[in-house]
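S.K.: Just target-v2.txt, nothing more (compact mmCIF, C-alpha atoms):
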```txt
# COMPACT_ATOMS: atom_id res chain seq x y z
CA MET A 1 0.00 0.00 0.00
CA SER A 2 1.27 3.48 -0.80
CA ARG A 3 1.60 6.00 1.96
CA ALA A 4 -0.36 9.24 2.20
CA VAL A 5 0.04 12.16 4.58
CA VAL A 6 -3.38 13.49 5.59
CA LEU A 7 -3.85 16.88 7.22
CA LEU A 8 -6.30 16.25 10.05
CA SER A 9 -7.72 19.09 12.10
CA GLY A 10 -10.36 17.00 13.80
CA GLY A 11 -13.13 18.82 11.96
CA LEU A 12 -15.77 17.47 9.65
CA ASP A 13 -13.92 18.16 6.39
CA SER A 14 -10.53 16.72 7.30
CA THR A 15 -12.13 13.68 8.91
CA THR A 16 -14.03 13.00 5.70
CA THR A 17 -10.79 13.50 3.75
CA LEU A 18 -9.06 10.90 5.94
CA ALA A 19 -11.82 8.44 5.07
CA VAL A 20 -11.35 9.20 1.36
CA ALA A 21 -7.58 8.56 1.62
CA LYS A 22 -8.34 5.25 3.29
CA ARG A 23 -10.86 4.36 0.57
CA ASP A 24 -8.15 5.20 -2.01
CA GLY A 25 -6.07 2.40 -0.51
CA HIS A 26 -3.34 4.37 1.25
CA THR A 27 -1.57 3.66 4.48
CA LEU A 28 -2.51 6.72 6.52
CA TYR A 29 -0.10 9.15 8.16
CA ALA A 30 -2.16 11.80 9.92
CA MET A 31 -0.73 15.22 10.74
CA SER A 32 -2.30 17.76 13.06
CA PHE A 33 -1.19 21.15 14.28
CA ALA A 34 -1.30 22.62 17.75
CA TYR A 35 -1.11 26.34 17.22
CA GLY A 36 -2.40 29.50 18.84
CA GLN A 37 -5.85 28.02 19.19
CA ARG A 38 -7.93 29.02 22.16
CA HIS A 39 -8.87 25.41 22.73
CA ALA A 40 -7.09 22.06 22.44
CA LEU A 41 -10.29 20.16 21.68
CA GLU A 42 -9.43 19.89 18.00
CA VAL A 43 -6.17 18.08 18.70
CA ASP A 44 -7.89 15.66 21.08
CA ALA A 45 -10.53 14.98 18.45
CA ALA A 46 -7.85 14.42 15.82
CA ARG A 47 -6.10 11.86 18.01
CA ALA A 48 -9.29 9.85 18.47
CA ILE A 49 -10.16 10.08 14.77
CA ALA A 50 -6.71 8.99 13.57
CA LYS A 51 -6.80 6.04 15.93
CA ALA A 52 -10.28 5.00 14.84
CA ALA A 53 -9.22 5.17 11.18
CA GLY A 54 -6.27 2.85 11.82
CA ALA A 55 -3.61 5.42 10.89
CA ALA A 56 -0.06 4.01 10.89
CA ASP A 57 1.14 7.16 12.63
CA HIS A 58 -0.20 10.51 13.81
CA VAL A 59 2.03 13.47 14.56
CA VAL A 60 0.99 16.70 16.23
CA VAL A 61 3.23 19.56 15.20
CA SER A 62 3.38 22.48 17.60
CA ILE A 63 3.57 25.75 15.75
CA ASP A 64 3.32 29.25 17.12
CA LEU A 65 1.31 31.45 14.82
CA ARG A 66 0.73 33.98 17.59
CA VAL A 67 4.06 35.59 16.81
CA PHE A 68 2.33 37.01 13.73
CA GLY A 69 -0.94 38.20 15.31
CA GLY A 70 -3.58 39.25 12.83
CA SER A 71 -6.34 36.65 13.33
CA ALA A 72 -9.24 35.90 15.64
CA LEU A 73 -8.12 32.27 15.85
CA THR A 74 -4.71 33.17 17.14
CA SER A 75 -5.25 36.35 19.15
CA ASP A 76 -7.83 38.01 21.36
CA ILE A 77 -9.99 39.50 18.61
CA PRO A 78 -13.59 38.30 19.31
CA VAL A 79 -14.95 35.56 17.04
CA PRO A 80 -17.80 36.96 14.92
CA LYS A 81 -21.27 35.55 15.58
CA GLY A 82 -24.43 35.33 13.57
CA GLY A 83 -24.20 34.57 9.90
CA THR A 84 -21.48 33.54 7.54
CA SER A 85 -19.45 36.02 5.57
CA ALA A 86 -19.31 34.55 2.08
CA GLY A 87 -17.44 36.66 -0.44
CA THR A 88 -15.16 38.37 2.05
CA ILE A 89 -12.05 37.10 3.80
CA PRO A 90 -13.11 36.08 7.32
CA VAL A 91 -11.52 37.62 10.40
CA THR A 92 -10.78 34.04 11.46
CA TYR A 93 -8.27 33.75 8.60
CA VAL A 94 -4.82 32.66 9.81
CA PRO A 95 -2.12 34.15 7.58
CA ALA A 96 -0.64 31.63 5.16
CA ARG A 97 -2.04 28.79 7.25
CA ASN A 98 -2.48 26.17 4.56
CA THR A 99 0.88 27.11 3.06
CA ILE A 100 2.52 26.38 6.39
CA PHE A 101 0.51 23.19 6.97
CA LEU A 102 1.26 21.82 3.49
CA SER A 103 4.94 22.67 3.93
CA TYR A 104 5.13 20.48 7.02
CA ALA A 105 3.16 17.78 5.23
CA LEU A 106 5.63 17.96 2.35
CA ALA A 107 8.54 17.52 4.75
CA TRP A 108 6.95 14.44 6.27
CA ALA A 109 5.96 13.07 2.87
CA GLU A 110 9.57 13.39 1.77
CA VAL A 111 10.83 11.41 4.77
CA LEU A 112 8.10 8.78 4.39
CA GLU A 113 8.48 8.66 0.59
CA ALA A 114 4.75 9.26 0.42
CA ALA A 115 3.58 10.41 -3.01
CA ASP A 116 0.25 11.83 -1.85
CA ILE A 117 -0.81 14.57 0.53
CA TYR A 118 -4.51 14.97 1.33
CA ILE A 119 -6.07 18.23 2.47
CA GLY A 120 -9.74 18.84 3.19
CA VAL A 121 -10.26 22.27 1.64
CA ASN A 122 -13.59 22.80 -0.08
CA ALA A 123 -15.63 25.18 -2.16
CA LEU A 124 -17.39 26.77 0.80
CA ASP A 125 -14.05 27.84 2.20
CA TYR A 126 -12.55 29.20 -0.95
CA SER A 127 -15.08 31.96 -1.25
CA GLY A 128 -13.25 33.51 1.66
CA TYR A 129 -9.85 31.90 2.18
CA PRO A 130 -7.25 32.49 -0.54
CA ASP A 131 -5.38 29.32 0.38
CA CYS A 132 -8.40 27.06 -0.13
CA ARG A 133 -8.79 27.77 -3.85
CA PRO A 134 -8.00 25.23 -6.59
CA GLU A 135 -5.32 27.54 -8.01
CA PHE A 136 -3.56 27.54 -4.64
CA ILE A 137 -3.55 23.74 -4.55
CA SER A 138 -2.13 23.62 -8.09
CA ALA A 139 0.55 26.16 -7.22
CA PHE A 140 1.58 24.15 -4.16
CA GLU A 141 1.79 20.96 -6.21
CA ASN A 142 4.03 22.78 -8.67
CA LEU A 143 6.19 24.01 -5.79
CA ALA A 144 6.46 20.50 -4.36
CA ALA A 145 7.87 19.28 -7.67
CA LYS A 146 10.74 21.79 -7.29
CA ALA A 147 11.28 21.57 -3.56
CA THR A 148 12.23 18.01 -2.73
CA ARG A 149 14.56 15.16 -3.59
CA ALA A 150 11.60 13.33 -5.12
CA GLY A 151 10.95 16.33 -7.36
CA VAL A 152 14.61 16.52 -8.41
CA GLU A 153 14.60 12.82 -9.15
CA GLY A 154 11.51 13.16 -11.35
CA SER A 155 8.74 11.81 -9.16
CA SER A 156 6.11 14.20 -7.95
CA THR A 157 4.05 14.73 -4.83
CA ARG A 158 0.35 15.03 -5.54
CA ILE A 159 -1.78 17.35 -3.44
CA ARG A 160 -5.20 15.72 -3.20
CA ALA A 161 -8.15 17.93 -2.30
CA PRO A 162 -11.04 15.51 -2.79
CA LEU A 163 -13.63 17.84 -1.26
CA ILE A 164 -12.70 20.90 -3.25
CA ASP A 165 -15.83 21.01 -5.41
CA LEU A 166 -18.28 19.68 -2.83
CA THR A 167 -20.84 21.51 -0.75
CA LYS A 168 -20.98 20.81 2.98
CA ALA A 169 -24.03 18.59 2.46
CA GLU A 170 -22.22 16.60 -0.25
CA ILE A 171 -19.21 16.18 2.05
CA ILE A 172 -21.47 14.82 4.80
CA LYS A 173 -23.16 12.40 2.40
CA LEU A 174 -19.75 11.22 1.15
CA GLY A 175 -18.53 10.73 4.71
CA MET A 176 -21.66 8.82 5.73
CA SER A 177 -21.14 6.50 2.74
CA LEU A 178 -17.60 5.83 3.98
CA GLY A 179 -18.73 5.16 7.55
CA VAL A 180 -17.40 8.36 9.14
CA ASP A 181 -18.53 8.84 12.74
CA TYR A 182 -19.20 12.58 12.87
CA SER A 183 -19.81 12.46 16.61
CA LYS A 184 -16.00 12.43 16.97
CA THR A 185 -15.48 15.61 14.95
CA THR A 186 -15.38 19.16 16.18
CA SER A 187 -15.89 22.24 14.05
CA CYS A 188 -16.65 25.07 16.47
CA TYR A 189 -14.52 28.22 16.60
CA ASP A 190 -15.79 29.10 20.07
CA PRO A 191 -16.83 26.08 22.18
CA SER A 192 -18.24 26.36 25.71
CA PRO A 193 -16.02 25.77 28.75
CA GLU A 194 -17.37 22.19 28.78
CA GLY A 195 -16.27 21.72 25.17
CA LEU A 196 -19.69 21.90 23.55
CA PRO A 197 -19.91 23.56 20.14
CA CYS A 198 -21.63 26.95 20.28
CA GLY A 199 -23.94 26.38 17.32
CA GLN A 200 -23.66 30.05 16.34
CA CYS A 201 -20.21 30.75 14.91
CA ASP A 202 -19.65 30.64 11.13
CA SER A 203 -18.24 27.14 11.33
CA CYS A 204 -21.12 25.72 13.39
CA ALA A 205 -23.66 27.47 11.15
CA LEU A 206 -22.15 25.97 7.99
CA ARG A 207 -22.02 22.54 9.56
CA LEU A 208 -25.59 22.57 10.85
CA GLU A 209 -26.86 23.84 7.50
CA GLY A 210 -24.93 21.04 5.75
CA PHE A 211 -26.49 18.35 7.93
CA ARG A 212 -29.92 19.93 7.40
CA ILE A 213 -29.53 19.88 3.60
CA ALA A 214 -28.08 16.36 3.68
CA GLY A 215 -31.13 15.24 5.61
CA VAL A 216 -29.04 13.80 8.43
CA ARG A 217 -29.09 14.81 12.08
CA ASP A 218 -25.75 16.14 13.34
CA PRO A 219 -24.81 13.77 16.19
CA LEU A 220 -23.10 16.59 18.15
CA ARG A 221 -24.76 18.23 21.14
CA TYR A 222 -24.73 22.02 20.80
CA VAL A 223 -25.10 24.88 23.26
CA HIS A 224 -27.61 26.41 20.81
CA ARG A 225 -29.00 24.82 17.66
CA MET B 1 10.32 52.86 3.52
CA SER B 2 8.82 49.56 2.45
CA ARG B 3 9.05 46.57 4.73
CA ALA B 4 10.95 43.38 3.98
CA VAL B 5 11.01 40.09 5.85
CA VAL B 6 14.54 38.66 5.85
CA LEU B 7 15.29 35.04 6.74
CA LEU B 8 18.29 35.21 9.04
CA SER B 9 20.08 32.09 10.20
CA GLY B 10 23.07 33.91 11.63
CA GLY B 11 25.33 32.48 8.95
CA LEU B 12 27.44 34.24 6.38
CA ASP B 13 24.91 34.10 3.54
CA SER B 14 21.82 35.30 5.38
CA THR B 15 23.80 38.05 7.12
CA THR B 16 24.98 39.31 3.74
CA THR B 17 21.39 39.09 2.49
CA LEU B 18 20.21 41.24 5.40
CA ALA B 19 22.77 43.88 4.40
CA VAL B 20 21.49 43.76 0.80
CA ALA B 21 17.90 44.27 1.97
CA LYS B 22 19.07 47.27 3.98
CA ARG B 23 20.95 48.66 0.98
CA ASP B 24 17.74 48.22 -1.06
CA GLY B 25 16.06 50.70 1.29
CA HIS B 26 13.78 48.39 3.26
CA THR B 27 12.73 48.49 6.88
CA LEU B 28 14.05 45.15 8.10
CA TYR B 29 11.98 42.42 9.78
CA ALA B 30 14.31 39.55 10.57
CA MET B 31 13.02 36.02 11.08
CA SER B 32 15.01 33.14 12.53
CA PHE B 33 14.11 29.57 13.36
CA ALA B 34 14.95 27.53 16.41
CA TYR B 35 14.57 23.94 15.30
CA GLY B 36 16.13 20.58 15.99
CA GLN B 37 19.61 22.03 15.83
CA ARG B 38 22.24 20.56 18.09
CA HIS B 39 23.36 24.04 19.08
CA ALA B 40 21.61 27.36 19.77
CA LEU B 41 24.60 29.42 18.66
CA GLU B 42 22.97 30.31 15.37
CA VAL B 43 19.98 31.93 17.05
CA ASP B 44 22.23 33.92 19.39
CA ALA B 45 24.27 35.09 16.40
CA ALA B 46 21.09 36.05 14.54
CA ARG B 47 19.91 38.17 17.47
CA ALA B 48 23.17 40.12 17.58
CA ILE B 49 23.22 40.54 13.79
CA ALA B 50 19.61 41.76 13.58
CA LYS B 51 20.26 44.27 16.34
CA ALA B 52 23.45 45.54 14.70
CA ALA B 53 21.62 45.99 11.39
CA GLY B 54 18.92 48.11 13.05
CA ALA B 55 16.08 45.69 12.29
CA ALA B 56 12.64 47.02 13.29
CA ASP B 57 11.78 43.60 14.68
CA HIS B 58 13.26 40.12 14.94
CA VAL B 59 11.20 37.02 15.63
CA VAL B 60 12.51 33.57 16.47
CA VAL B 61 10.03 30.89 15.47
CA SER B 62 10.35 27.58 17.29
CA ILE B 63 9.71 24.67 14.99
CA ASP B 64 10.21 21.01 15.65
CA LEU B 65 11.63 19.27 12.60
CA ARG B 66 12.73 16.29 14.70
CA VAL B 67 9.27 14.80 14.36
CA PHE B 68 10.27 13.99 10.78
CA GLY B 69 13.75 12.56 11.40
CA GLY B 70 15.78 12.04 8.28
CA SER B 71 18.63 14.55 8.61
CA ALA B 72 21.97 14.94 10.35
CA LEU B 73 21.03 18.47 11.41
CA THR B 74 17.93 17.29 13.22
CA SER B 75 18.82 13.84 14.51
CA ASP B 76 21.78 11.89 15.82
CA ILE B 77 23.26 10.88 12.46
CA PRO B 78 26.94 12.01 12.56
CA VAL B 79 27.84 15.12 10.54
CA PRO B 80 30.12 14.14 7.65
CA LYS B 81 33.70 15.48 7.75
CA GLY B 82 36.36 16.07 5.17
CA GLY B 83 35.35 17.44 1.82
CA THR B 84 32.20 18.83 0.32
CA SER B 85 29.76 16.72 -1.57
CA ALA B 86 28.93 18.76 -4.67
CA GLY B 87 26.51 17.08 -7.05
CA THR B 88 24.74 14.95 -4.47
CA ILE B 89 22.13 15.87 -1.90
CA PRO B 90 23.95 16.27 1.44
CA VAL B 91 23.01 14.17 4.46
CA THR B 92 22.61 17.50 6.27
CA TYR B 93 19.57 18.26 4.13
CA VAL B 94 16.49 19.06 6.22
CA PRO B 95 13.32 17.95 4.41
CA ALA B 96 11.41 20.84 2.85
CA ARG B 97 13.27 23.28 5.06
CA ASN B 98 13.18 26.34 2.83
CA THR B 99 9.56 25.62 1.96
CA ILE B 100 8.70 25.73 5.66
CA PHE B 101 10.85 28.80 6.31
CA LEU B 102 9.39 30.73 3.38
CA SER B 103 5.87 29.76 4.45
CA TYR B 104 6.40 31.37 7.83
CA ALA B 105 7.99 34.38 6.15
CA LEU B 106 4.95 34.65 3.90
CA ALA B 107 2.64 34.61 6.92
CA TRP B 108 4.58 37.41 8.57
CA ALA B 109 4.83 39.37 5.32
CA GLU B 110 1.07 39.19 4.99
CA VAL B 111 0.52 40.58 8.49
CA LEU B 112 3.16 43.29 7.99
CA GLU B 113 1.99 44.07 4.45
CA ALA B 114 5.58 43.58 3.38
CA ALA B 115 5.96 43.06 -0.37
CA ASP B 116 9.44 41.52 -0.23
CA ILE B 117 10.93 38.43 1.37
CA TYR B 118 14.70 37.96 1.27
CA ILE B 119 16.41 34.58 1.45
CA GLY B 120 20.14 33.91 1.25
CA VAL B 121 20.25 30.84 -0.96
CA ASN B 122 23.13 30.66 -3.43
CA ALA B 123 24.62 28.72 -6.27
CA LEU B 124 26.96 26.68 -4.07
CA ASP B 125 23.97 25.32 -2.21
CA TYR B 126 21.79 24.49 -5.13
CA SER B 127 24.13 21.88 -6.46
CA GLY B 128 22.93 19.79 -3.56
CA TYR B 129 19.77 21.23 -2.03
CA PRO B 130 16.62 21.09 -4.17
CA ASP B 131 15.07 24.01 -2.35
CA CYS B 132 17.94 26.39 -3.08
CA ARG B 133 17.51 26.34 -6.86
CA PRO B 134 16.20 29.31 -8.88
CA GLU B 135 13.24 27.23 -10.08
CA PHE B 136 12.24 26.60 -6.46
CA ILE B 137 12.32 30.33 -5.72
CA SER B 138 10.17 31.05 -8.79
CA ALA B 139 7.70 28.34 -7.81
CA PHE B 140 7.39 29.77 -4.31
CA GLU B 141 6.81 33.26 -5.68
CA ASN B 142 4.06 31.84 -7.87
CA LEU B 143 2.55 30.09 -4.84
CA ALA B 144 2.65 33.31 -2.81
CA ALA B 145 0.58 35.04 -5.49
CA LYS B 146 -2.19 32.47 -4.94
CA ALA B 147 -1.91 32.02 -1.18
CA THR B 148 -2.58 35.36 0.45
CA ARG B 149 -4.99 38.26 0.62
CA ALA B 150 -2.41 40.39 -1.16
CA GLY B 151 -2.31 37.85 -3.97
CA VAL B 152 -6.09 37.77 -4.24
CA GLU B 153 -6.17 41.55 -4.30
CA GLY B 154 -3.66 41.64 -7.14
CA SER B 155 -0.43 42.63 -5.41
CA SER B 156 2.36 40.12 -5.25
CA THR B 157 5.03 39.11 -2.77
CA ARG B 158 8.48 39.00 -4.31
CA ILE B 159 10.96 36.39 -3.16
CA ARG B 160 14.39 38.01 -3.35
CA ALA B 161 17.42 35.75 -3.53
CA PRO B 162 20.18 38.26 -4.20
CA LEU B 163 23.01 35.75 -3.69
CA ILE B 164 21.60 33.07 -5.93
CA ASP B 165 24.19 33.40 -8.71
CA LEU B 166 27.16 34.29 -6.52
CA THR B 167 30.06 32.17 -5.40
CA LYS B 168 31.02 32.20 -1.73
CA ALA B 169 33.92 34.54 -2.49
CA GLU B 170 31.62 36.93 -4.36
CA ILE B 171 29.19 36.90 -1.43
CA ILE B 172 32.01 37.79 0.96
CA LYS B 173 33.18 40.63 -1.30
CA LEU B 174 29.61 41.95 -1.55
CA GLY B 175 29.20 41.80 2.21
CA MET B 176 32.53 43.54 2.83
CA SER B 177 31.42 46.35 0.47
CA LEU B 178 28.25 46.73 2.56
CA GLY B 179 30.14 46.79 5.86
CA VAL B 180 29.11 43.34 7.11
CA ASP B 181 30.97 42.26 10.26
CA TYR B 182 31.59 38.57 9.60
CA SER B 183 32.98 38.04 13.08
CA LYS B 184 29.33 37.96 14.26
CA THR B 185 28.34 35.16 11.87
CA THR B 186 28.43 31.43 12.47
CA SER B 187 28.40 28.78 9.78
CA CYS B 188 29.60 25.57 11.44
CA TYR B 189 27.47 22.42 11.48
CA ASP B 190 29.44 20.97 14.39
CA PRO B 191 30.98 23.58 16.73
CA SER B 192 33.13 22.74 19.77
CA PRO B 193 31.62 22.77 23.26
CA GLU B 194 33.02 26.31 23.62
CA GLY B 195 31.15 27.36 20.48
CA LEU B 196 34.17 27.54 18.15
CA PRO B 197 33.61 26.47 14.53
CA CYS B 198 35.24 23.14 13.71
CA GLY B 199 36.89 24.25 10.46
CA GLN B 200 36.29 20.81 8.95
CA CYS B 201 32.61 20.30 8.18
CA ASP B 202 31.25 21.05 4.70
CA SER B 203 29.99 24.46 5.79
CA CYS B 204 33.29 25.55 7.41
CA ALA B 205 35.26 24.25 4.40
CA LEU B 206 33.14 26.24 1.94
CA ARG B 207 33.40 29.35 4.06
CA LEU B 208 37.17 29.17 4.52
CA GLU B 209 37.66 28.53 0.82
CA GLY B 210 35.46 31.56 0.06
CA PHE B 211 37.51 33.86 2.26
CA ARG B 212 40.71 32.49 0.73
CA ILE B 213 39.52 33.17 -2.83
CA ALA B 214 38.16 36.60 -1.82
CA GLY B 215 41.61 37.41 -0.44
CA VAL B 216 40.18 38.31 2.97
CA ARG B 217 41.01 36.70 6.29
CA ASP B 218 38.00 35.09 8.01
CA PRO B 219 37.73 36.90 11.37
CA LEU B 220 36.44 33.77 13.13
CA ARG B 221 38.67 31.66 15.36
CA TYR B 222 38.49 27.98 14.38
CA VAL B 223 39.32 24.75 16.18
CA HIS B 224 41.19 23.69 13.01
CA ARG B 225 41.89 25.83 9.92
```
Take the structure in the file and give it back as structure tokens.
M.R.:
Amino acid sequence: MSRAVVLLSGGLDSTTTLAVAKRDGHTLYAMSFAYGQRHALEVDAARAIAKAAGAADHVVVSIDLRVFGGSALTSDIPVPKGGTSAGTIPVTYVPARNTIFLSYALAWAEVLEAADIYIGVNALDYSGYPDCRPEFISAFENLAAKATRAGVEGSSTRIRAPLIDLTKAEIIKLGMSLGVDYSKTTSCYDPSPEGLPCGQCDSCALRLEGFRIAGVRDPLRYVHR
Amino acid sequence: MSRAVVLLSGGLDSTTTLAVAKRDGHTLYAMSFAYGQRHALEVDAARAIAKAAGAADHVVVSIDLRVFGGSALTSDIPVPKGGTSAGTIPVTYVPARNTIFLSYALAWAEVLEAADIYIGVNALDYSGYPDCRPEFISAFENLAAKATRAGVEGSSTRIRAPLIDLTKAEIIKLGMSLGVDYSKTTSCYDPSPEGLPCGQCDSCALRLEGFRIAGVRDPLRYVHR
């Protein structure tokens, strides 16, 4: 079986992506990031999800994005509530986040001699996040071909973004068909002290709307829904 | 004055690059990395060099490359001695290192609204390191145009590699013309317990040869020279 590095945040999208990589026949190497998040719930979720998927290894890379400031997810700017902000770049944007994450994934892929890197970006994100767009993924794949021993030696690293053209509802249906247990996933930007998702931030709103359209009940318990 | 992020390892090349960025009229934002190095001398050197150059800010980003293994600089594989290894990829290669470093620089550049990132890669390196070649730099610049708000809004981040076509001796001559104090720089892969450069590793050998060809005496004291 060929190896694949899978970026795994512990959210709905990356968990579905992990299931797709497994379906594609890869041995799974999951990679998560502990960064200036206000909560460590995502990393805990990622650990449980990687284990349940039978990943051969799971690394959690500590990175300090706070040194840069400039984002609600990494500083003390309040998280916006009430409604998504399609068409504009969200305040929750972390500068160059996917560039940094894919760079680490590329490093690990080089060591593992893995030819595939999976990332769970999708169409709903790329209305607002520059580094979720198809042209970003293509540009990173082109970079990877120049950056590593594998590239120099003529083999390439593919950046797989299997969700890129899917709506949230389509992602959920895909995940259900692959047996994903969404009760393990966490998507909230601003969970309660007990770790419950708020049900009101952009991320919760998108998720709940996706489950509604998919005709499936979200197994998570919310503070508000 | 426009802002520039400058990758600063504390070595000869990056210190010369910092001086070039200053000559180019930029306000300097120096960025160093503390990673799985066996010695912290480089970071101490970088701090002194950034201060001496009048940098507006200097950040040291802690990153843990050890999670990936695979390199003499980040694990316990012995550093090779005696002769450089032109034409092959050195065992001291850190996987995807410059990709990771430039990704962090891009994040900071986005927050600072800096349009230029300087990196001190040069021709001597790119015989062996994939991510020191001109085509890598071009590919990263292309990625940057897709990855950030600035890119989306039509402005681009330039990746400046002013040493890329220079020999070590030419770099030293350039630095001398810009007033660089090379006694502050450190280049050794394997310094003595007292912090003296060994004079024998690939990096020391290249540096000493560069000073010899430039007709300048290296101000550093070596264990062996």
S.K.: For chain A, work out the contacting residues on chain B at 7 Å, counting only C-alpha atoms, and write them as a ChimeraX atom specification.
M.R.: /B:63,68,70,95-96,99-100,103-104,106-108,110-111,130-131,135-136,139-140,142-143,146-149,152
S.K.: Using Å and a single decimal, report how far atom CA of Ala115 of chain B sits from atom CA of Ser156 of chain B.
M.R.: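 A separation of 6.7 Å between them.
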S.K.: Take atom CA of Asp202 of chain B and atom CA of Leu220 of chain B and report the distance between them in Å, one decimal.
M.R.: 16.1 Å
S.K.: Can you pull out every residue within 12 Å of Arg212 of chain A, counting all atoms listed in the file, but drop anything in the same chain fewer than 4 positions away, and send it as a list in words?
M.R.: Lys168, Ala169, Glu170, Ile172, Lys173, Ala205, Leu206, Arg207, Leu208, Val216, Arg217, Asp218, Pro219 and Arg225 of chain A
S.K.: Can you tell me, as a list in words, what residues are no more than 12 Å from His26 of chain B when counting all atoms listed in the file, ignoring any on the same chain fewer than 4 positions away?
M.R.: Met1, Ser2, Arg3, Ala4, Val5, Val6, Leu18, Ala19, Val20, Ala21, Lys22, Ala30, Ala53, Gly54, Ala55, Ala56, Ala114, Ala115, Asp116, Ile117 and Tyr118 of chain B
S.K.: So what do you get for atom CA of Leu166 of chain A versus atom CA of Leu196 of chain A, distance-wise?
M.R.: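 So the two atoms, atom CA of Leu166 of chain A and atom CA of Leu196 of chain A, lie 26.5 Å apart.
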